[in-house]
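Structure, as structure tokens:
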Amino acid sequence: MLSRSSFTSLVVGVFAVYVAHTCWVMYGIVYTRPCPAAADGAAGAAGGCVWPYLARRPKLQLSVYTTTRSSIGAESNIDLVLNVEDFDIESRFERTVNVSVPKKTRNNGTLYAFVFLHHAGILPWHDGKQVHIVSPLTTYMIPKPEEINLLTGESATQQIEAEEQSNALDEPVSHWRSRLTLNVMVEDFVFDGSSLPADVHRYMKMVQLGKTVHYLPILFIDQLSNRVKDLMVINRSTTELPLTVSYDKISLGKLRFWIHMQDAVYSLQQFGFSEKDADEVKGIFVDTNLYFLALTFFVAAFHLLFDFLAFKNDISFWKKKRSMIGMSTKAVLWRCFSTVVIFLFLLDEQTSLLVLIPAGVGAVIELWKVKKALKMTIRWQGLRPKFQFGAYNDSEKKTEEYDAQAMKYLSYLLYPLCIGGAGYSLLNVKYKSWYSWLINSFVNGVYAFGFLFMLPQLFVNYKMKSVAHLPWKAFTYKAFNTFIDDIFAFIITMPTSHRLACFRDDVVFLVYLYQRW
């Protein structure tokens with residue numbers, strides 16, 4: 001059986017191999033090997049090279065059509081919403097057009113955008129060298145519930161409407177994607193026909209021109225730019241909606257990277273991630289500089305490693321724990337309560353699974369630690385559980401006296417602040433329900449004054465003149481993660497109070513560090 005140190009070394013070794021492999025894969029995505037015979041034109045033609053059609057500098061036109069069908073074969077039942085003559089692939093632009101919404105789309109149907117890049121002066125379906133791509137302009141999502149003032153309430157009519165709305169809130173409705181972002185790969189890159197990258201190959205259309213094979217312009221729709229904040233609910237009375245069409249050129253390396261990221265987001269949705277959860281991942285890629293994104297990847301990898309090591313050492317420490325000497329039971333209970341409340345709050349706010357899942361795992365571990373701290377055993381009498389608590393020895397009772405003394409003085413400050421904050425929010429802030437107000441009141445108390453509940457443990461440490469009884473390995477890993485969370489606080493979308501709590505934890509750890517010193 002492996003010792004703990006060798007197991008940790010094994011985990012760190014696997015982590016290092018994973019990071020190295022990921023860097024190699026990322027290099028393979030960004031760098032594409034050109035056709036080796038491209039230097040000699042005649043040899044390149046015979047050597048299986050695939051040449052860019054854009055190198056001929058054709059005169060192009062961009063056309064965007066909308067239709068309720070996912071495929072079209074002719075000009076019927078389609079609407080032209082944007083036509084860019086003398087289209088310059090090097091010049092970026094952004095235009096907003098009004099799109100007619102068919103009755104079928106207003107009744108929770110789908111509307112598609114067909115984007116054609118074709119020769120100027122020729123209709124797309126008459127041009128043998130046109131390229132096109134299809135993208136849905138609608139998506140289905142559960143609308144966000146309306147918030148109300150819980151004290152003033154609403155009239156009987158408004159209440160009936162609210163009840164009808166709450167029944168419909170569980171059903172997804174059609175939303176309008178108000179942005180359409182287009183890209184064309186503009187590099188005159190010569191591909192090796194025998195080793196075409198699979199990611200780009202599905203976007204390529206080949207034509208034979210004389211003795212050489214050319215690939216037509218690679219047209220790409222940036223789905224990562226479709227954010228939840230840009231979605232608009234489609235009502236039955238809506239006849240027109242705005243659509244912002246933006247275009248920019250793209251390099252081959254970034255195109256391949258973007259294709260892989262879109263495939264990753266699609267895979268997350270296939271695994272059950274909602275549109276909102278996928279949107280959090282999109283925000284990391286779209287709203288972040290690529291160099292900062294690379295830094296974020298390494299930071300996230302180390303966060304995952306430290307999370308695992310912190311959980312492992314924390315569980316190992318409490319699994320061996322037989323005595324509560326020097327440990328504040330009140331601090332353990334509060335940490336459990338606050339972790340569960342934060343999890344319920346994040347669940348109520350429909351926070352990203354990137355934040356919600358670690359919070360849920362942490363809540364389960366804190367519940368188990370409470371069971372160990374209270375020396376609780378559960379015996380089942382049929383279907384009815386019976387709880388039994390172990391006895392404390394004299395040293396543990398002394399620790400409990402210090403713990404109770406700290407909590408007594410702390411309660412004089414904490415309870416009035418929490419009650420006052422809950423009353424203020426009830427009078428001035430709107431909520432979806434009484435449950436939402438209750439959870440928000442609890443979590444605001446946790447975030448604003450939660451660090452005060454670290455004081456009992458600090459007081460016990462001071463009285464006993466020792467911090468040797470604390471799980472310092474787990475604390476160290478959690479401290480590293482706390483500083484990493486400071487970075488993520490600016491990248492991942494989360495409630496402001498949860499963001500501020502990340503910085504509060506830095507202060508708590510520094511106080512523990514001072515006591516150890």
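Identifiers in this document derive from the order of the structure tokens: chains are assigned A, B, ..., residues are numbered from 1 separately in each chain, and ligands are numbered from 1 in order of occurrence.
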task = Excluding segment 117-124 of chain A and any residue of its chain fewer than 3 positions from it, enumerate the residues within 7 Å of it, using only C-alpha atoms, and give them as a list in words.
result = Lys59, Leu60, Gln61, Leu62, Ser63, Glu85, Asp86, Asp127, Lys129, Gln130, Val131 and His132 of chain A
task = Please provide the set of residues having any atom within 7 Å of Gly48 of chain A, restricted to only C-alpha atoms, with same-chain residues fewer than 6 positions apart removed, written as an MDAnalysis selection string.
result = chainID A and resid 192:194
Dump N, CA, C and O atoms for the selected residues as a PDB file, in the first residue's frame?
ATOM      1  N   ASP A 192      -1.118  20.812 -46.593  1.00  0.00           N
ATOM      2  CA  ASP A 192      -0.675  19.522 -47.113  1.00  0.00           C
ATOM      3  C   ASP A 192      -1.912  18.639 -47.253  1.00  0.00           C
ATOM      4  O   ASP A 192      -2.562  18.307 -46.258  1.00  0.00           O
ATOM      5  N   GLY A 193      -2.240  18.272 -48.492  1.00  0.00           N
ATOM      6  CA  GLY A 193      -3.468  17.503 -48.736  1.00  0.00           C
ATOM      7  C   GLY A 193      -3.503  16.160 -48.049  1.00  0.00           C
ATOM      8  O   GLY A 193      -4.574  15.619 -47.770  1.00  0.00           O
ATOM      9  N   SER A 194      -2.336  15.604 -47.710  1.00  0.00           N
ATOM     10  CA  SER A 194      -2.295  14.290 -47.062  1.00  0.00           C
ATOM     11  C   SER A 194      -2.482  14.371 -45.550  1.00  0.00           C
ATOM     12  O   SER A 194      -2.667  13.349 -44.887  1.00  0.00           O
TER      13      SER A 194
END
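The shortest atom-to-atom distance to Ile259 of chain A, with only C-alpha atoms taken into account, belongs to A:Ile29 out of A:Ile29, A:Ala294, A:Asp188, A:Gly420.
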message = Need to verify the contact set: His260 of chain A, 12 Å, only C-alpha atoms, exclusion of same-chain residues closer than 2 positions in sequence. Can you return it as a list in words?
response =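 Using only C-alpha atoms, the neighbours found are Val25, Met26, Gly28, Ile29, Val30, Pro197, Ala198, Asp199, Val200, Asp222, Gln223, Leu224, Gly253, Lys254, Leu255, Arg256, Phe257, Trp258, Gln262, Asp263, Ala264, Val265, Tyr266, Ser267 and Phe285 of chain A.
Nearest residue to Asp314 of chain A, choosing from A:Ala391, A:Val207, A:Ile365, A:Leu231 and counting only C-alpha atoms: A:Ile365.
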Apply DSSP to the structure's backbone, then extract all residues of segment 208-256 of chain A labelled strand (DSSP E) and return them as an mmCIF file with N, CA and C atoms, in the first residue's frame.
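Saved the output as part_2.cif:
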data_model
loop_
_atom_site.group_PDB
_atom_site.id
_atom_site.type_symbol
_atom_site.label_atom_id
_atom_site.label_comp_id
_atom_site.auth_asym_id
_atom_site.auth_seq_id
_atom_site.Cartn_x
_atom_site.Cartn_y
_atom_site.Cartn_z
ATOM 1 N N GLN A 208 -11.225 22.004 -58.060
ATOM 2 C CA GLN A 208 -10.087 21.704 -58.937
ATOM 3 C C GLN A 208 -9.992 22.793 -59.995
ATOM 4 N N LEU A 209 -8.861 23.488 -60.011
ATOM 5 C CA LEU A 209 -8.618 24.536 -61.000
ATOM 6 C C LEU A 209 -7.358 24.161 -61.777
ATOM 7 N N THR A 212 -4.187 22.113 -60.140
ATOM 8 C CA THR A 212 -4.048 22.340 -58.703
ATOM 9 C C THR A 212 -5.404 22.289 -58.002
ATOM 10 N N VAL A 213 -5.352 21.913 -56.746
ATOM 11 C CA VAL A 213 -6.545 21.883 -55.896
ATOM 12 C C VAL A 213 -6.533 23.123 -55.006
ATOM 13 N N HIS A 214 -7.648 23.845 -54.973
ATOM 14 C CA HIS A 214 -7.765 25.042 -54.160
ATOM 15 C C HIS A 214 -8.874 24.846 -53.125
ATOM 16 N N TYR A 215 -8.707 25.497 -51.978
ATOM 17 C CA TYR A 215 -9.810 25.527 -51.004
ATOM 18 C C TYR A 215 -10.429 26.918 -51.027
ATOM 19 N N LEU A 219 -15.288 30.200 -44.170
ATOM 20 C CA LEU A 219 -16.249 31.067 -43.476
ATOM 21 C C LEU A 219 -16.597 30.439 -42.133
ATOM 22 N N PHE A 220 -16.613 31.259 -41.101
ATOM 23 C CA PHE A 220 -16.789 30.742 -39.737
ATOM 24 C C PHE A 220 -17.712 31.673 -38.955
ATOM 25 N N ILE A 221 -18.629 31.082 -38.180
ATOM 26 C CA ILE A 221 -19.504 31.856 -37.283
ATOM 27 C C ILE A 221 -19.025 31.642 -35.853
ATOM 28 N N LEU A 231 -29.408 37.903 -25.216
ATOM 29 C CA LEU A 231 -30.645 37.228 -25.617
ATOM 30 C C LEU A 231 -31.861 38.092 -25.302
ATOM 31 N N MET A 232 -32.875 37.990 -26.157
ATOM 32 C CA MET A 232 -34.132 38.728 -25.981
ATOM 33 C C MET A 232 -35.291 37.740 -26.096
ATOM 34 N N VAL A 233 -36.251 37.835 -25.168
ATOM 35 C CA VAL A 233 -37.422 36.953 -25.205
ATOM 36 C C VAL A 233 -38.293 37.316 -26.410
ATOM 37 N N GLU A 240 -40.672 42.383 -35.455
ATOM 38 C CA GLU A 240 -39.308 42.673 -35.895
ATOM 39 C C GLU A 240 -38.366 42.693 -34.700
ATOM 40 N N LEU A 241 -37.149 42.226 -34.939
ATOM 41 C CA LEU A 241 -36.126 42.237 -33.894
ATOM 42 C C LEU A 241 -34.791 42.673 -34.486
ATOM 43 N N PRO A 242 -33.967 43.372 -33.698
ATOM 44 C CA PRO A 242 -32.673 43.826 -34.221
ATOM 45 C C PRO A 242 -31.639 42.698 -34.237
ATOM 46 N N LEU A 243 -30.796 42.732 -35.249
ATOM 47 C CA LEU A 243 -29.706 41.761 -35.374
ATOM 48 C C LEU A 243 -28.430 42.533 -35.724
ATOM 49 N N THR A 244 -27.432 42.407 -34.878
ATOM 50 C CA THR A 244 -26.149 43.072 -35.112
ATOM 51 C C THR A 244 -25.200 42.075 -35.765
ATOM 52 N N VAL A 245 -24.841 42.349 -37.015
ATOM 53 C CA VAL A 245 -23.922 41.491 -37.766
ATOM 54 C C VAL A 245 -22.543 42.152 -37.743
ATOM 55 N N SER A 246 -21.581 41.461 -37.197
ATOM 56 C CA SER A 246 -20.212 41.986 -37.134
ATOM 57 C C SER A 246 -19.276 41.026 -37.850
ATOM 58 N N TYR A 247 -18.255 41.596 -38.475
ATOM 59 C CA TYR A 247 -17.289 40.775 -39.211
ATOM 60 C C TYR A 247 -15.873 41.207 -38.834
ATOM 61 N N ASP A 248 -14.972 40.225 -38.788
ATOM 62 C CA ASP A 248 -13.556 40.497 -38.589
ATOM 63 C C ASP A 248 -12.766 39.326 -39.169
ATOM 64 N N LYS A 249 -11.583 39.614 -39.669
ATOM 65 C CA LYS A 249 -10.722 38.548 -40.184
ATOM 66 C C LYS A 249 -10.160 37.738 -39.022
ATOM 67 N N ILE A 250 -9.689 36.529 -39.331
ATOM 68 C CA ILE A 250 -9.168 35.648 -38.293
ATOM 69 C C ILE A 250 -7.982 34.875 -38.849
#
ask   = Can you list every residue in segment 152-302 of chain A that DSSP puts in alpha helix (DSSP H), as a ChimeraX atom specification?
value = /A:156-168,198-201,252-270,275-286,290-302
Return as a Markdown table the residues of segment 280-347 of chain A lying at most 10 Å from segment 396-411 of chain A, together with the closest atom-to-atom pair for each and the distance in Å to one decimal, counting only C-alpha atoms, with rows in chain order and ascending residue number.
| residue | atom | partner | partner_atom | distance |
| --- | --- | --- | --- | --- |
| A:Ser323 | CA | A:Glu396 | CA | 7.3 |
| A:Met324 | CA | A:Glu396 | CA | 5.8 |
| A:Ile325 | CA | A:Glu396 | CA | 4.8 |
| A:Gly326 | CA | A:Thr399 | CA | 5.8 |
| A:Met327 | CA | A:Thr399 | CA | 7.1 |
| A:Ser328 | CA | A:Asp403 | CA | 5.8 |
| A:Thr329 | CA | A:Asp403 | CA | 7.4 |
| A:Lys330 | CA | A:Asp403 | CA | 6.8 |
| A:Ala331 | CA | A:Asp403 | CA | 8.5 |
Hey, can you spit out that residue selection with N, CA and C atoms as a PDB file, in the first residue's frame?
ATOM      1  N   SER A 323      -9.885  13.635  19.371  1.00  0.00           N
ATOM      2  CA  SER A 323     -10.086  14.577  20.471  1.00  0.00           C
ATOM      3  C   SER A 323     -10.288  15.975  19.896  1.00  0.00           C
ATOM      4  N   MET A 324     -11.105  16.783  20.584  1.00  0.00           N
ATOM      5  CA  MET A 324     -11.366  18.154  20.157  1.00  0.00           C
ATOM      6  C   MET A 324     -10.587  19.160  21.001  1.00  0.00           C
ATOM      7  N   ILE A 325      -9.489  18.711  21.599  1.00  0.00           N
ATOM      8  CA  ILE A 325      -8.657  19.621  22.395  1.00  0.00           C
ATOM      9  C   ILE A 325      -8.069  20.691  21.463  1.00  0.00           C
ATOM     10  N   GLY A 326      -8.274  21.954  21.834  1.00  0.00           N
ATOM     11  CA  GLY A 326      -7.746  23.059  21.043  1.00  0.00           C
ATOM     12  C   GLY A 326      -8.546  23.405  19.812  1.00  0.00           C
ATOM     13  N   MET A 327      -9.633  22.675  19.544  1.00  0.00           N
ATOM     14  CA  MET A 327     -10.454  22.924  18.354  1.00  0.00           C
ATOM     15  C   MET A 327     -11.782  23.546  18.775  1.00  0.00           C
ATOM     16  N   SER A 328     -12.148  24.638  18.154  1.00  0.00           N
ATOM     17  CA  SER A 328     -13.403  25.312  18.467  1.00  0.00           C
ATOM     18  C   SER A 328     -14.574  24.596  17.791  1.00  0.00           C
ATOM     19  N   THR A 329     -15.442  23.974  18.614  1.00  0.00           N
ATOM     20  CA  THR A 329     -16.625  23.301  18.063  1.00  0.00           C
ATOM     21  C   THR A 329     -17.568  24.310  17.422  1.00  0.00           C
ATOM     22  N   LYS A 330     -17.665  25.494  18.034  1.00  0.00           N
ATOM     23  CA  LYS A 330     -18.550  26.530  17.474  1.00  0.00           C
ATOM     24  C   LYS A 330     -18.079  26.967  16.088  1.00  0.00           C
ATOM     25  N   ALA A 331     -16.764  27.055  15.921  1.00  0.00           N
ATOM     26  CA  ALA A 331     -16.230  27.436  14.603  1.00  0.00           C
ATOM     27  C   ALA A 331     -16.539  26.365  13.566  1.00  0.00           C
TER      28      ALA A 331
END
